[in-house]
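S.K.: Next comes the structure file query_30.txt, holding compact mmCIF, C-alpha atoms and all ligand atoms.
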```txt
# COMPACT_ATOMS: atom_id res chain seq x y z
CA MET A 1 28.27 -29.48 67.94
CA SER A 2 26.46 -30.45 64.79
CA ILE A 3 28.09 -30.51 61.36
CA GLU A 4 26.44 -28.36 58.66
CA VAL A 5 25.86 -30.37 55.49
CA VAL A 6 24.13 -29.40 52.24
CA ILE A 7 22.91 -31.72 49.51
CA THR A 8 22.05 -30.01 46.23
CA GLY A 9 19.71 -31.88 43.96
CA GLY A 10 18.09 -32.71 47.30
CA ALA A 11 14.82 -33.84 45.70
CA GLY A 12 16.56 -36.30 43.37
CA ARG A 13 17.07 -40.06 43.38
CA ILE A 14 20.53 -40.23 44.92
CA ALA A 15 19.60 -37.78 47.68
CA TYR A 16 16.65 -40.00 48.61
CA ALA A 17 19.03 -42.92 49.23
CA LEU A 18 21.78 -40.77 50.79
CA ILE A 19 19.77 -38.88 53.41
CA PRO A 20 19.08 -41.99 55.56
CA LEU A 21 22.79 -42.91 55.49
CA ILE A 22 23.79 -39.44 56.68
CA LEU A 23 21.12 -39.16 59.35
CA SER A 24 21.73 -42.65 60.74
CA GLY A 25 25.41 -41.94 61.36
CA GLN A 26 26.90 -43.95 58.49
CA VAL A 27 28.81 -41.02 57.02
CA PHE A 28 29.98 -38.68 59.78
CA GLY A 29 29.95 -41.11 62.69
CA SER A 30 27.39 -42.76 64.92
CA THR A 31 27.26 -39.89 67.45
CA GLN A 32 27.82 -36.89 65.18
CA LYS A 33 24.73 -34.67 64.92
CA VAL A 34 24.02 -33.29 61.46
CA SER A 35 22.25 -30.11 60.48
CA LEU A 36 21.01 -30.94 56.99
CA ARG A 37 20.08 -28.58 54.15
CA LEU A 38 18.47 -29.75 50.94
CA LEU A 39 18.56 -27.45 47.92
CA ASP A 40 16.75 -28.00 44.66
CA VAL A 41 15.33 -25.88 41.84
CA GLU A 42 11.87 -24.30 41.87
CA PHE A 43 10.47 -27.06 39.66
CA ALA A 44 11.16 -29.60 42.43
CA ALA A 45 9.89 -27.46 45.33
CA ALA A 46 6.84 -29.62 46.08
CA LYS A 47 8.94 -32.78 46.06
CA LEU A 48 11.35 -31.18 48.53
CA VAL A 49 8.45 -30.52 50.91
CA GLY A 50 7.47 -34.19 50.76
CA ILE A 51 11.03 -35.34 51.45
CA ALA A 52 11.29 -32.97 54.41
CA MET A 53 8.06 -34.48 55.83
CA GLU A 54 9.51 -37.97 55.45
CA ILE A 55 12.69 -36.92 57.29
CA GLU A 56 10.56 -35.48 60.12
CA ASP A 57 8.52 -38.68 60.31
CA SER A 58 11.71 -40.75 60.53
CA ASN A 59 12.71 -39.09 63.84
CA TYR A 60 16.43 -39.45 63.25
CA GLU A 61 18.20 -38.85 66.56
CA LEU A 62 21.23 -37.35 64.83
CA CYS A 63 19.19 -34.77 62.89
CA ALA A 64 20.01 -31.45 64.56
CA GLY A 65 18.20 -29.31 62.02
CA LEU A 66 16.59 -29.47 58.60
CA VAL A 67 16.17 -26.86 55.87
CA ALA A 68 14.63 -27.90 52.55
CA THR A 69 14.67 -24.93 50.23
CA THR A 70 15.06 -23.50 46.76
CA ASP A 71 16.91 -20.47 48.17
CA PRO A 72 20.70 -20.91 47.77
CA GLN A 73 21.51 -18.53 50.65
CA LYS A 74 19.40 -20.55 53.12
CA ALA A 75 20.91 -23.76 51.79
CA PHE A 76 24.58 -22.77 51.84
CA GLU A 77 24.81 -20.46 54.89
CA GLY A 78 27.79 -21.69 56.97
CA VAL A 79 27.92 -25.18 55.43
CA GLU A 80 31.02 -27.27 56.12
CA VAL A 81 30.36 -30.15 53.72
CA ALA A 82 28.67 -29.71 50.33
CA ILE A 83 27.49 -32.71 48.33
CA LEU A 84 26.64 -31.41 44.87
CA LEU A 85 24.16 -33.73 43.16
CA GLY A 86 22.29 -30.92 41.41
CA GLY A 87 22.31 -31.41 37.66
CA TYR A 88 20.23 -32.56 34.73
CA PRO A 89 20.30 -35.99 33.06
CA ARG A 90 21.20 -36.48 29.42
CA LEU A 91 17.96 -36.54 27.45
CA PRO A 92 17.37 -38.65 24.34
CA GLY A 93 19.03 -37.00 21.35
CA MET A 94 21.11 -34.67 23.53
CA GLU A 95 24.80 -34.36 22.61
CA ARG A 96 27.28 -34.97 25.45
CA LYS A 97 28.63 -31.48 24.73
CA ASP A 98 25.18 -29.95 25.34
CA LEU A 99 24.90 -31.79 28.66
CA THR A 100 28.36 -30.57 29.66
CA THR A 101 27.56 -26.92 29.00
CA LYS A 102 24.07 -27.09 30.56
CA ASN A 103 25.37 -28.67 33.74
CA ALA A 104 28.49 -26.44 33.83
CA GLU A 105 26.18 -23.45 34.08
CA GLY A 106 24.27 -24.96 37.03
CA MET A 107 27.50 -26.06 38.73
CA ARG A 108 29.05 -22.62 38.29
CA ASP A 109 26.06 -21.04 40.02
CA GLN A 110 26.04 -23.57 42.88
CA ALA A 111 29.77 -22.99 43.47
CA ARG A 112 29.44 -19.21 43.41
CA ASP A 113 26.66 -19.38 46.00
CA LEU A 114 28.65 -21.84 48.08
CA GLN A 115 31.60 -19.44 48.12
CA ALA A 116 29.33 -16.52 48.99
CA TYR A 117 27.50 -18.17 51.90
CA GLY A 118 29.35 -21.33 52.98
CA SER A 119 32.30 -21.85 55.33
CA SER A 120 35.57 -20.67 53.74
CA ASN A 121 36.98 -24.17 54.35
CA VAL A 122 33.93 -26.10 53.06
CA LYS A 123 34.71 -29.58 51.73
CA VAL A 124 33.05 -30.16 48.37
CA LEU A 125 32.07 -33.45 46.75
CA VAL A 126 30.85 -33.09 43.17
CA VAL A 127 28.69 -35.97 41.95
CA ALA A 128 26.58 -34.44 39.18
CA ASN A 129 27.83 -35.45 35.74
CA PRO A 130 30.15 -34.88 34.02
CA ALA A 131 31.55 -35.19 37.54
CA ASN A 132 35.25 -34.50 36.89
CA THR A 133 34.71 -31.48 34.69
CA ASN A 134 31.90 -30.19 36.91
CA CYS A 135 34.34 -30.42 39.84
CA LEU A 136 36.81 -28.25 37.94
CA VAL A 137 33.99 -25.85 37.06
CA ALA A 138 33.08 -25.60 40.75
CA MET A 139 36.71 -25.09 41.78
CA LYS A 140 37.27 -22.33 39.22
CA SER A 141 33.96 -20.65 40.07
CA ALA A 142 34.79 -20.49 43.79
CA PRO A 143 38.47 -19.52 43.85
CA GLN A 144 38.40 -18.41 47.49
CA ILE A 145 37.74 -21.99 48.61
CA PRO A 146 41.04 -23.96 48.62
CA ALA A 147 41.37 -26.06 45.46
CA GLU A 148 42.29 -29.13 47.53
CA ASN A 149 38.82 -28.99 49.14
CA PHE A 150 37.19 -30.06 45.85
CA THR A 151 36.79 -33.73 44.93
CA CYS A 152 34.56 -35.68 42.56
CA LEU A 153 32.97 -39.08 42.92
CA THR A 154 34.67 -42.07 41.27
CA ARG A 155 34.17 -44.29 44.30
CA LEU A 156 31.15 -45.98 42.75
CA ASP A 157 33.39 -47.21 39.94
CA GLN A 158 35.91 -48.43 42.52
CA GLU A 159 33.21 -50.35 44.40
CA ARG A 160 32.01 -51.91 41.14
CA LEU A 161 35.60 -52.98 40.44
CA ARG A 162 35.92 -54.47 43.92
CA PHE A 163 32.77 -56.55 43.33
CA PHE A 164 33.95 -57.72 39.89
CA VAL A 165 37.39 -58.74 41.22
CA ALA A 166 35.82 -60.74 44.09
CA SER A 167 33.51 -62.48 41.59
CA GLN A 168 36.43 -63.42 39.35
CA ALA A 169 38.42 -64.66 42.36
CA ASN A 170 35.51 -66.91 43.33
CA LYS A 171 35.16 -68.21 39.77
CA SER A 172 38.88 -69.01 39.69
CA LEU A 173 38.81 -70.67 43.12
CA ALA A 174 35.80 -72.79 42.17
CA SER A 175 37.48 -73.90 38.93
CA ARG A 176 40.36 -75.23 41.06
CA GLY A 177 37.97 -77.10 43.37
CA LEU A 178 38.47 -74.58 46.19
CA SER A 179 35.83 -72.84 48.25
CA PRO A 180 34.68 -69.57 46.60
CA SER A 181 35.19 -67.52 49.75
CA ALA A 182 36.35 -64.14 48.36
CA GLN A 183 34.34 -61.18 49.66
CA PRO A 184 34.41 -57.70 48.06
CA SER A 185 35.54 -56.33 51.42
CA ASN A 186 38.65 -58.53 51.18
CA VAL A 187 39.69 -56.93 47.87
CA LYS A 188 42.36 -54.29 48.60
CA GLY A 189 44.22 -51.83 46.42
CA VAL A 190 41.83 -51.55 43.45
CA ALA A 191 41.58 -48.02 42.06
CA ILE A 192 40.07 -45.89 39.32
CA TRP A 193 42.17 -43.53 37.24
CA GLY A 194 40.90 -40.66 35.12
CA ASN A 195 37.41 -39.66 34.14
CA HIS A 196 34.12 -40.96 35.57
CA SER A 197 33.08 -42.16 32.11
CA THR A 198 33.69 -45.11 29.82
CA THR A 199 37.33 -43.99 29.37
CA GLN A 200 38.05 -44.50 33.08
CA VAL A 201 40.92 -46.87 33.84
CA PRO A 202 40.00 -49.53 36.42
CA TYR A 203 43.26 -50.72 38.01
CA VAL A 204 43.91 -54.17 39.49
CA ASP A 205 47.67 -54.59 38.88
CA ALA A 206 48.60 -53.75 42.48
CA ALA A 207 45.45 -55.20 44.09
CA THR A 208 45.25 -58.18 46.42
CA VAL A 209 42.49 -60.47 47.65
CA VAL A 210 42.64 -61.87 51.18
CA ILE A 211 41.50 -65.50 51.10
CA ASP A 212 41.40 -67.36 54.41
CA GLY A 213 43.85 -64.86 55.90
CA ASN A 214 46.32 -65.09 52.99
CA GLU A 215 46.83 -62.07 50.74
CA GLN A 216 47.03 -63.10 47.08
CA PRO A 217 47.69 -60.90 44.03
CA ALA A 218 44.39 -60.14 42.27
CA THR A 219 46.07 -60.83 38.94
CA SER A 220 46.63 -64.48 40.03
CA PHE A 221 42.88 -65.07 39.54
CA PHE A 222 43.12 -64.16 35.86
CA VAL A 223 46.03 -66.47 34.97
CA GLU A 224 43.83 -69.29 33.56
CA GLU A 225 41.53 -66.81 31.83
CA PRO A 226 43.49 -63.67 30.74
CA ALA A 227 40.55 -62.42 28.59
CA ALA A 228 38.54 -62.07 31.80
CA LEU A 229 40.66 -59.08 32.78
CA ASP A 230 39.70 -57.13 29.65
CA ALA A 231 36.07 -58.17 30.17
CA LEU A 232 36.22 -56.95 33.76
CA VAL A 233 37.63 -53.56 32.74
CA SER A 234 34.95 -53.12 30.11
CA GLY A 235 32.29 -54.37 32.57
CA VAL A 236 33.22 -51.70 35.11
CA GLN A 237 33.41 -48.98 32.45
CA ASN A 238 29.92 -49.85 31.21
CA ARG A 239 28.23 -50.81 34.48
CA GLY A 240 26.49 -47.45 34.84
CA ALA A 241 24.94 -47.80 31.38
CA GLU A 242 23.85 -51.37 32.19
CA VAL A 243 22.14 -50.23 35.40
CA MET A 244 20.46 -47.43 33.49
CA LYS A 245 19.25 -49.82 30.77
CA ALA A 246 17.87 -52.30 33.29
CA GLN A 247 15.98 -49.90 35.56
CA GLN A 248 15.50 -46.87 33.30
CA ALA A 249 17.26 -44.69 35.84
CA SER A 250 20.86 -44.19 36.82
CA SER A 251 22.43 -45.71 39.91
CA GLY A 252 20.85 -44.30 43.06
CA MET A 253 21.37 -46.63 46.00
CA SER A 254 24.90 -47.66 45.00
CA ALA A 255 25.83 -44.03 44.28
CA ALA A 256 24.64 -43.06 47.77
CA ASN A 257 26.71 -45.86 49.32
CA ALA A 258 29.74 -44.73 47.34
CA ILE A 259 29.26 -41.12 48.48
CA ALA A 260 29.16 -42.33 52.08
CA ALA A 261 32.40 -44.29 51.60
CA HIS A 262 34.06 -41.36 49.79
CA LEU A 263 33.26 -38.93 52.59
CA ARG A 264 34.27 -41.37 55.33
CA ASP A 265 37.64 -42.17 53.79
CA TRP A 266 38.34 -38.52 52.98
CA LEU A 267 37.13 -36.78 56.14
CA LYS A 268 37.02 -39.16 59.08
CA PRO A 269 39.54 -38.27 61.81
CA ILE A 270 42.49 -40.66 61.80
CA ASP A 271 45.00 -41.52 64.45
CA ALA A 272 48.28 -39.67 63.75
CA SER A 273 50.21 -42.74 64.84
CA SER A 274 48.58 -45.09 62.25
CA SER A 275 51.05 -46.64 59.88
CA SER A 276 50.54 -45.35 56.34
CA SER A 277 50.82 -48.88 54.94
CA ASP A 278 47.82 -49.96 57.09
CA LEU A 279 45.58 -47.44 55.36
CA GLU A 280 43.51 -48.52 52.42
CA ILE A 281 43.78 -47.12 48.92
CA PHE A 282 40.70 -45.23 47.74
CA SER A 283 39.85 -43.25 44.62
CA MET A 284 38.54 -39.72 44.21
CA GLY A 285 38.82 -37.17 41.43
CA ILE A 286 41.18 -34.39 42.52
CA LEU A 287 43.15 -31.60 40.88
CA SER A 288 45.99 -33.25 38.95
CA ASN A 289 48.59 -30.52 39.58
CA GLY A 290 51.99 -31.92 40.62
CA ASN A 291 50.95 -35.61 40.43
CA PRO A 292 53.77 -38.21 40.16
CA TYR A 293 52.38 -39.97 37.05
CA GLY A 294 52.82 -37.32 34.35
CA VAL A 295 49.09 -36.56 34.04
CA PRO A 296 48.87 -32.95 32.80
CA ASP A 297 48.14 -30.27 35.40
CA GLY A 298 44.76 -28.54 35.38
CA LEU A 299 42.52 -31.64 35.22
CA CYS A 300 40.18 -33.14 37.79
CA PHE A 301 41.53 -36.70 37.61
CA SER A 302 40.82 -39.80 39.67
CA PHE A 303 43.92 -41.31 41.31
CA PRO A 304 44.69 -44.02 43.88
CA LEU A 305 44.94 -42.11 47.19
CA ARG A 306 45.85 -42.84 50.75
CA ARG A 307 45.36 -40.86 53.95
CA VAL A 308 48.44 -39.33 55.55
CA PRO A 309 48.17 -39.86 59.33
CA ALA A 310 50.64 -37.11 60.24
CA THR A 311 48.65 -34.36 58.50
CA GLY A 312 45.17 -35.86 58.44
CA GLY A 313 45.10 -35.18 54.68
CA PHE A 314 45.71 -37.54 51.77
CA GLU A 315 48.28 -38.14 49.05
CA ILE A 316 48.46 -39.82 45.67
CA VAL A 317 49.95 -43.29 46.07
CA ALA A 318 53.23 -43.05 44.15
CA GLY A 319 55.32 -45.72 42.44
CA LEU A 320 52.53 -47.99 41.18
CA PRO A 321 53.46 -49.98 38.06
CA ILE A 322 51.94 -48.61 34.82
CA SER A 323 52.05 -50.92 31.78
CA ALA A 324 52.33 -49.58 28.22
CA LYS A 325 48.71 -50.67 27.64
CA MET A 326 47.55 -48.78 30.70
CA GLN A 327 49.53 -45.69 29.68
CA ALA A 328 47.59 -45.65 26.39
CA GLN A 329 44.33 -45.87 28.38
CA LEU A 330 45.46 -43.02 30.63
CA ASP A 331 46.27 -40.93 27.55
CA ALA A 332 42.75 -41.57 26.19
CA THR A 333 41.02 -40.51 29.41
CA VAL A 334 43.22 -37.37 29.58
CA GLU A 335 42.22 -36.52 26.01
CA GLU A 336 38.54 -36.93 26.83
CA LEU A 337 38.83 -34.69 29.89
CA MET A 338 40.60 -32.03 27.85
CA GLY A 339 37.74 -32.11 25.34
CA GLU A 340 35.16 -31.73 28.11
CA ILE A 341 37.07 -28.77 29.51
CA VAL A 342 37.04 -27.03 26.14
CA ASP A 343 33.24 -27.48 26.02
CA ALA A 344 32.70 -26.29 29.60
CA ALA A 345 35.03 -23.32 29.04
CA THR A 346 32.32 -21.75 26.89
CA ILE A 347 30.54 -21.24 30.25
CA VAL A 348 33.59 -20.82 32.56
CA PRO A 349 36.45 -19.39 30.45
CA SER A 350 39.01 -19.61 33.29
CA LEU A 351 38.92 -23.40 32.88
CA VAL A 352 41.38 -23.24 30.00
CA SER A 353 43.72 -20.69 31.52
CA LYS A 354 46.19 -23.33 32.73
CA LEU A 355 45.86 -25.93 29.99
N1 LIG A 401 29.79 -39.53 39.75
C1 LIG A 401 29.06 -40.63 39.85
O1 LIG A 401 29.56 -41.71 40.14
C2 LIG A 401 27.58 -40.57 39.62
C3 LIG A 401 26.80 -41.72 39.81
C4 LIG A 401 25.43 -41.64 39.63
C5 LIG A 401 24.85 -40.44 39.24
N2 LIG A 401 25.64 -39.36 39.03
C6 LIG A 401 25.07 -38.06 38.68
O2 LIG A 401 24.56 -37.48 39.88
C7 LIG A 401 23.54 -36.53 39.53
C8 LIG A 401 22.32 -36.75 40.40
O3 LIG A 401 21.75 -38.01 40.09
P1 LIG A 401 20.25 -38.34 40.50
O4 LIG A 401 20.00 -39.74 40.06
O5 LIG A 401 20.00 -37.96 41.89
O6 LIG A 401 19.49 -37.35 39.52
P2 LIG A 401 18.00 -36.77 39.65
O7 LIG A 401 17.66 -36.27 38.29
O8 LIG A 401 17.10 -37.75 40.31
O9 LIG A 401 18.18 -35.54 40.65
C9 LIG A 401 18.91 -34.41 40.31
C10 LIG A 401 18.26 -33.25 41.02
O10 LIG A 401 19.06 -32.08 40.79
C11 LIG A 401 18.18 -30.98 40.71
N3 LIG A 401 18.93 -29.86 40.12
C12 LIG A 401 19.24 -29.62 38.83
N4 LIG A 401 19.97 -28.49 38.72
C13 LIG A 401 20.12 -28.00 39.98
C14 LIG A 401 20.77 -26.86 40.51
N5 LIG A 401 21.42 -26.01 39.72
N6 LIG A 401 20.72 -26.65 41.85
C15 LIG A 401 20.06 -27.53 42.66
N7 LIG A 401 19.42 -28.63 42.21
C16 LIG A 401 19.45 -28.86 40.88
C17 LIG A 401 17.03 -31.52 39.88
O11 LIG A 401 15.87 -30.72 40.01
C18 LIG A 401 16.85 -32.91 40.49
O12 LIG A 401 15.93 -32.90 41.57
C19 LIG A 401 23.29 -36.71 38.05
O13 LIG A 401 24.05 -35.72 37.35
C20 LIG A 401 23.89 -38.08 37.75
O14 LIG A 401 24.28 -38.20 36.40
C21 LIG A 401 26.99 -39.40 39.21
```
If you took the structure in this file and wrote it as C-alpha cells, what would it be?
M.R.:
Amino acid sequence: MSIEVVITGGAGRIAYALIPLILSGQVFGSTQKVSLRLLDVEFAAAKLVGIAMEIEDSNYELCAGLVATTDPQKAFEGVEVAILLGGYPRLPGMERKDLTTKNAEGMRDQARDLQAYGSSNVKVLVVANPANTNCLVAMKSAPQIPAENFTCLTRLDQERLRFFVASQANKSLASRGLSPSAQPSNVKGVAIWGNHSTTQVPYVDAATVVIDGNEQPATSFFVEEPAALDALVSGVQNRGAEVMKAQQASSGMSAANAIAAHLRDWLKPIDASSSSSDLEIFSMGILSNGNPYGVPDGLCFSFPLRRVPATGGFEIVAGLPISAKMQAQLDATVEELMGEIVDAATIVPSLVSKL
C-alpha cells in the first residue's frame, strides 16, 4: 500500500529539496511507496509541470503516483500526510503583521480544502511562516481534523542548535589539548521552545554530548567561556536571517532535511517495548493546552517531546529545569505568539476564542 502525501507550495524551493528525500525513502522508510501530490497556485503552474517532468525522469522506485496540480481537490483527495509549505515570503517594506494576515488567508484556505477532501486523520506539518501561528490557523480552520494531528516545524532550529553545540564542544576540547571529536549526531537533548522566530528559546541545559563513548553535560563545554552560551543562543535565533543574507533566499536544503527528521521522529512506527528513556528528545510546535510548564493554552508552541512507545504517540518531556533567565525568554516568546494571533484573528476570528 502506498502512503498518500501532499506538498503545498510544491513548486517552491523547499519542495525541490524535499521531493528527492521523500521519493528515495528517507522520510517514510526505504520500502514504503509514496503517492505524491504537489499543489501550487496558478502563477506557478508552469513550474509545477517542469518539476513533475523531473520527477518522472528520476524514475524513483518508491513513487507510486504523481499529481502536480493547482486544483486543491485533486491535491488533497484522501491524503494521509500534508506538508504545508504554501505561503508568500516577506517582501521589502512589508510589515510582519501584513505577512501574517496574507499567509493566514492562504493557510485557512489550504486547511479548509484539506478537511473537505483529505483523510479525516490526516497528519499535518505546517512549515510556511509564521509557522506556529499558521499551524493554529490551519487547526482552527479544519476543526474536524483532530487538533493533535497539527504540528509546525521548529526542527530546523533544533538541528542548527545541535551543530552549534558540537562546534563549541570541539572548540573547548581543542583548547584543553584534546581531540575535537564531537559530532552533531552525538549531541542529545537539545530542544527549541516557543516560536519559530528570533524569540525562540534554544535549550541546552539538559543536553549532553557523547565524546568517545562518555556522555558529558553540554554546559561543561561553556565553563571556560560562559559568554559563548549567549552567543550560541543568539546565533541559532538569527541563523535563518544569516542564511537569507548570504544566499538571498531562505533555507531550502536544511529546511527539507529538518522536515524529513520531523516526520520520521513523529510518525515512524516504534516498538512498544522500547524504553522511553532510550528515545531521543525532538522539538515540534504543538497545541500548548495542558502543558506542564505553565505556557498559556491556545498557542502553537514548540516543546521538547519524546515518543511514547506504549501508545505510539508523543508527550512533552516534563520536569526539565527552567532558570529565571529562561522563564523571561519563554514569557517573551509567548507574548510574541499572542500578538501574532491577534493579527491572524482578523482573518480567522476563532483564533482568539480561547485566549
Ligand atoms: N518553519 C521553518 O523552519 C521554515 C524554514 C524555512 C522556510 N520556511 C517557510 O516555508 C515556506 C516555503 O519556503 P520556500 O523557500 O519553499 O518558499 P518559496 O517561495 O520558494 O515557495 C513557496 C511556494 O508556495 C506557493 N504558494 C503560496 N501560496 C500558496 C497556497 N495558498 N497554496 C499553495 N501554494 C502556495 C508559492 O507559489 C511558491 O511556489 C515559506 O513560508 C518560508 O518562510 C519555514
S.K.: Which residues are near A:Ala345? Cut-off 9 Å, all atoms listed in the file, ignore same chain within fewer than 6 positions. Put them as a list in words.
M.R.: Thr101, Ala104, Val137, Leu351 and Val352 of chain A
S.K.: Produce a file of the selected residues containing C-alpha atoms, as a PDB file, in the frame of the given file.
M.R.:
```pdb
ATOM      1  CA  THR A 101      27.560 -26.920  29.000  1.00  0.00           C
ATOM      2  CA  ALA A 104      28.490 -26.440  33.830  1.00  0.00           C
ATOM      3  CA  VAL A 137      33.990 -25.850  37.060  1.00  0.00           C
ATOM      4  CA  LEU A 351      38.920 -23.400  32.880  1.00  0.00           C
ATOM      5  CA  VAL A 352      41.380 -23.240  30.000  1.00  0.00           C
TER       6      VAL A 352
END
```
S.K.: In Å, with one decimal, what is the gap from atom C20 of ligand LIG 401 (chain A) to atom CA of A:Asn103?
M.R.: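 Computing the Euclidean distance for atom C20 of ligand LIG 401 (chain A) and atom CA of A:Asn103 yields 10.3 Å.
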S.K.: Given a cut-off of 6 Å, what residues near ligand LIG 401 (chain A) show up using only C-alpha atoms and all ligand atoms, put as a list in words?
M.R.: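 Result of the 6 Å neighbour search around ligand LIG 401 (chain A): Thr8, Gly9, Ala11, Gly12, Arg13, Ile14, Ala15, Leu39, Asp40, Val41, Ala44, Leu85, Gly86, Gly87, Tyr88, Pro89, Gly106, Val127, Ala128, Asn129, Ala131, Leu153, Thr154, Leu156, Ser250, Ser251, Gly252 and Ala255 of chain A.
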S.K.: Generate the output file for the selected residues, C-alpha atoms, as a PDB file, in the frame of the given file.
M.R.:
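Ended up saving to out.pdb:
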```pdb
ATOM      1  CA  THR A   8      22.050 -30.010  46.230  1.00  0.00           C
ATOM      2  CA  GLY A   9      19.710 -31.880  43.960  1.00  0.00           C
ATOM      3  CA  ALA A  11      14.820 -33.840  45.700  1.00  0.00           C
ATOM      4  CA  GLY A  12      16.560 -36.300  43.370  1.00  0.00           C
ATOM      5  CA  ARG A  13      17.070 -40.060  43.380  1.00  0.00           C
ATOM      6  CA  ILE A  14      20.530 -40.230  44.920  1.00  0.00           C
ATOM      7  CA  ALA A  15      19.600 -37.780  47.680  1.00  0.00           C
ATOM      8  CA  LEU A  39      18.560 -27.450  47.920  1.00  0.00           C
ATOM      9  CA  ASP A  40      16.750 -28.000  44.660  1.00  0.00           C
ATOM     10  CA  VAL A  41      15.330 -25.880  41.840  1.00  0.00           C
ATOM     11  CA  ALA A  44      11.160 -29.600  42.430  1.00  0.00           C
ATOM     12  CA  LEU A  85      24.160 -33.730  43.160  1.00  0.00           C
ATOM     13  CA  GLY A  86      22.290 -30.920  41.410  1.00  0.00           C
ATOM     14  CA  GLY A  87      22.310 -31.410  37.660  1.00  0.00           C
ATOM     15  CA  TYR A  88      20.230 -32.560  34.730  1.00  0.00           C
ATOM     16  CA  PRO A  89      20.300 -35.990  33.060  1.00  0.00           C
ATOM     17  CA  GLY A 106      24.270 -24.960  37.030  1.00  0.00           C
ATOM     18  CA  VAL A 127      28.690 -35.970  41.950  1.00  0.00           C
ATOM     19  CA  ALA A 128      26.580 -34.440  39.180  1.00  0.00           C
ATOM     20  CA  ASN A 129      27.830 -35.450  35.740  1.00  0.00           C
ATOM     21  CA  ALA A 131      31.550 -35.190  37.540  1.00  0.00           C
ATOM     22  CA  LEU A 153      32.970 -39.080  42.920  1.00  0.00           C
ATOM     23  CA  THR A 154      34.670 -42.070  41.270  1.00  0.00           C
ATOM     24  CA  LEU A 156      31.150 -45.980  42.750  1.00  0.00           C
ATOM     25  CA  SER A 250      20.860 -44.190  36.820  1.00  0.00           C
ATOM     26  CA  SER A 251      22.430 -45.710  39.910  1.00  0.00           C
ATOM     27  CA  GLY A 252      20.850 -44.300  43.060  1.00  0.00           C
ATOM     28  CA  ALA A 255      25.830 -44.030  44.280  1.00  0.00           C
TER      29      ALA A 255
END
```
S.K.: Considering only C-alpha atoms, give me a table of residues in stretch 123-164 of chain A that are at most 12 Å from stretch 210-229 of chain A, with the closest atom pair and distance in Å for each, as CSV.
M.R.:
```
residue,atom,partner,partner_atom,distance
A:Leu161,CA,A:Leu229,CA,11.0
A:Arg162,CA,A:Ala218,CA,10.3
A:Phe164,CA,A:Leu229,CA,9.9
```
S.K.: Got time to write the residues from that selection, C-alpha atoms, as a compact mmCIF listing (two decimals), in the coordinates of the input?
M.R.:
```
# COMPACT_ATOMS: atom_id res chain seq x y z
CA LEU A 161 35.60 -52.98 40.44
CA ARG A 162 35.92 -54.47 43.92
CA PHE A 164 33.95 -57.72 39.89
```
S.K.: Nearest residue to A:Ile270 out of A:Pro304, A:Gly298, A:Gly313, A:Gly319, using all atoms listed in the file?
M.R.: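 Closest candidate: A:Gly313.
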S.K.: Give as a PyMOL selection string every residue, naming chains and numbers as the document does, that has an atom within 8 Å of (29.3, -29.3, 47.8), counting all atoms listed in the file.
M.R.: chain A and resi 6-8+81-84+111+114+122-126
S.K.: Would you mind reading off the distance between atom CA of A:Ala75 and atom CA of A:Arg37, one decimal, in Å?
M.R.: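 Taking atom CA of A:Ala75 as the start and atom CA of A:Arg37 as the end point, the length is 5.4 Å.
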S.K.: Pull the neighbourhood of (17.2, -22.2, 47.5) for me: all residues within 9 Å in file coordinates, counting all atoms listed in the file, as an mmCIF file with C-alpha atoms, in the coordinates of the input.
M.R.:
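result_17.cif was written with the following content:
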```
data_model
loop_
_atom_site.group_PDB
_atom_site.id
_atom_site.type_symbol
_atom_site.label_atom_id
_atom_site.label_comp_id
_atom_site.auth_asym_id
_atom_site.auth_seq_id
_atom_site.Cartn_x
_atom_site.Cartn_y
_atom_site.Cartn_z
ATOM 1 C CA LEU A 38 18.470 -29.750 50.940
ATOM 2 C CA LEU A 39 18.560 -27.450 47.920
ATOM 3 C CA ASP A 40 16.750 -28.000 44.660
ATOM 4 C CA VAL A 41 15.330 -25.880 41.840
ATOM 5 C CA GLU A 42 11.870 -24.300 41.870
ATOM 6 C CA ALA A 68 14.630 -27.900 52.550
ATOM 7 C CA THR A 69 14.670 -24.930 50.230
ATOM 8 C CA THR A 70 15.060 -23.500 46.760
ATOM 9 C CA ASP A 71 16.910 -20.470 48.170
ATOM 10 C CA PRO A 72 20.700 -20.910 47.770
ATOM 11 C CA GLN A 73 21.510 -18.530 50.650
ATOM 12 C CA LYS A 74 19.400 -20.550 53.120
ATOM 13 C CA ALA A 75 20.910 -23.760 51.790
ATOM 14 C CA PHE A 76 24.580 -22.770 51.840
#
```
S.K.: Between A:Met94, A:Val295, A:Leu23, A:Ala332, which has the minimum distance to A:Gly65 (counting all atoms listed in the file)?
M.R.: A:Leu23
S.K.: Report, in Å to a single decimal, how far apart atom CA of A:Ser350 and atom CA of A:Leu136 are.
M.R.: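 If I compute the distance from atom CA of A:Leu136 to atom CA of A:Ser350, I get 10.1 Å.
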S.K.: Have a look at A:Gln200, A:Ser2, A:Gln115, A:Ser24 and name the one nearest to A:Leu330; count all atoms listed in the file.
M.R.: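 Closest residue, counting all atoms listed in the file: A:Gln200.
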S.K.: Name the residues in contact with A:Ser167 at a cut-off of 10 Å, using all atoms listed in the file, excluding same-chain residues fewer than 6 positions from it; report them as JSON, numbers by chain.
M.R.: {"A": [161, 173, 180, 181, 182, 183, 184, 221, 232]}
S.K.: Please build the interface table for stretch 272-298 of chain A against stretch 333-341 of chain A with a cut-off of 12 Å, listing for each qualifying residue the nearest atom pair and the distance in Å to one decimal; count all atoms listed in the file, order rows by chain and increasing number, and write it as JSON lines.
M.R.:
```
{"residue": "A:Gly285", "atom": "CA", "partner": "A:Leu337", "partner_atom": "CA", "distance": 11.8}
{"residue": "A:Ser288", "atom": "CA", "partner": "A:Val334", "partner_atom": "CA", "distance": 10.6}
{"residue": "A:Gly294", "atom": "CA", "partner": "A:Val334", "partner_atom": "CA", "distance": 10.7}
{"residue": "A:Val295", "atom": "CA", "partner": "A:Val334", "partner_atom": "CA", "distance": 7.4}
{"residue": "A:Pro296", "atom": "CA", "partner": "A:Val334", "partner_atom": "CA", "distance": 7.9}
{"residue": "A:Asp297", "atom": "CA", "partner": "A:Val334", "partner_atom": "CA", "distance": 10.4}
{"residue": "A:Gly298", "atom": "CA", "partner": "A:Met338", "partner_atom": "CA", "distance": 9.3}
```
S.K.: Compare A:Thr208, A:Arg160, A:Gln168, A:Trp266 by their minimum atom-to-atom distance to A:Asn238, counting all atoms listed in the file, and give me the closest one.
M.R.: A:Arg160
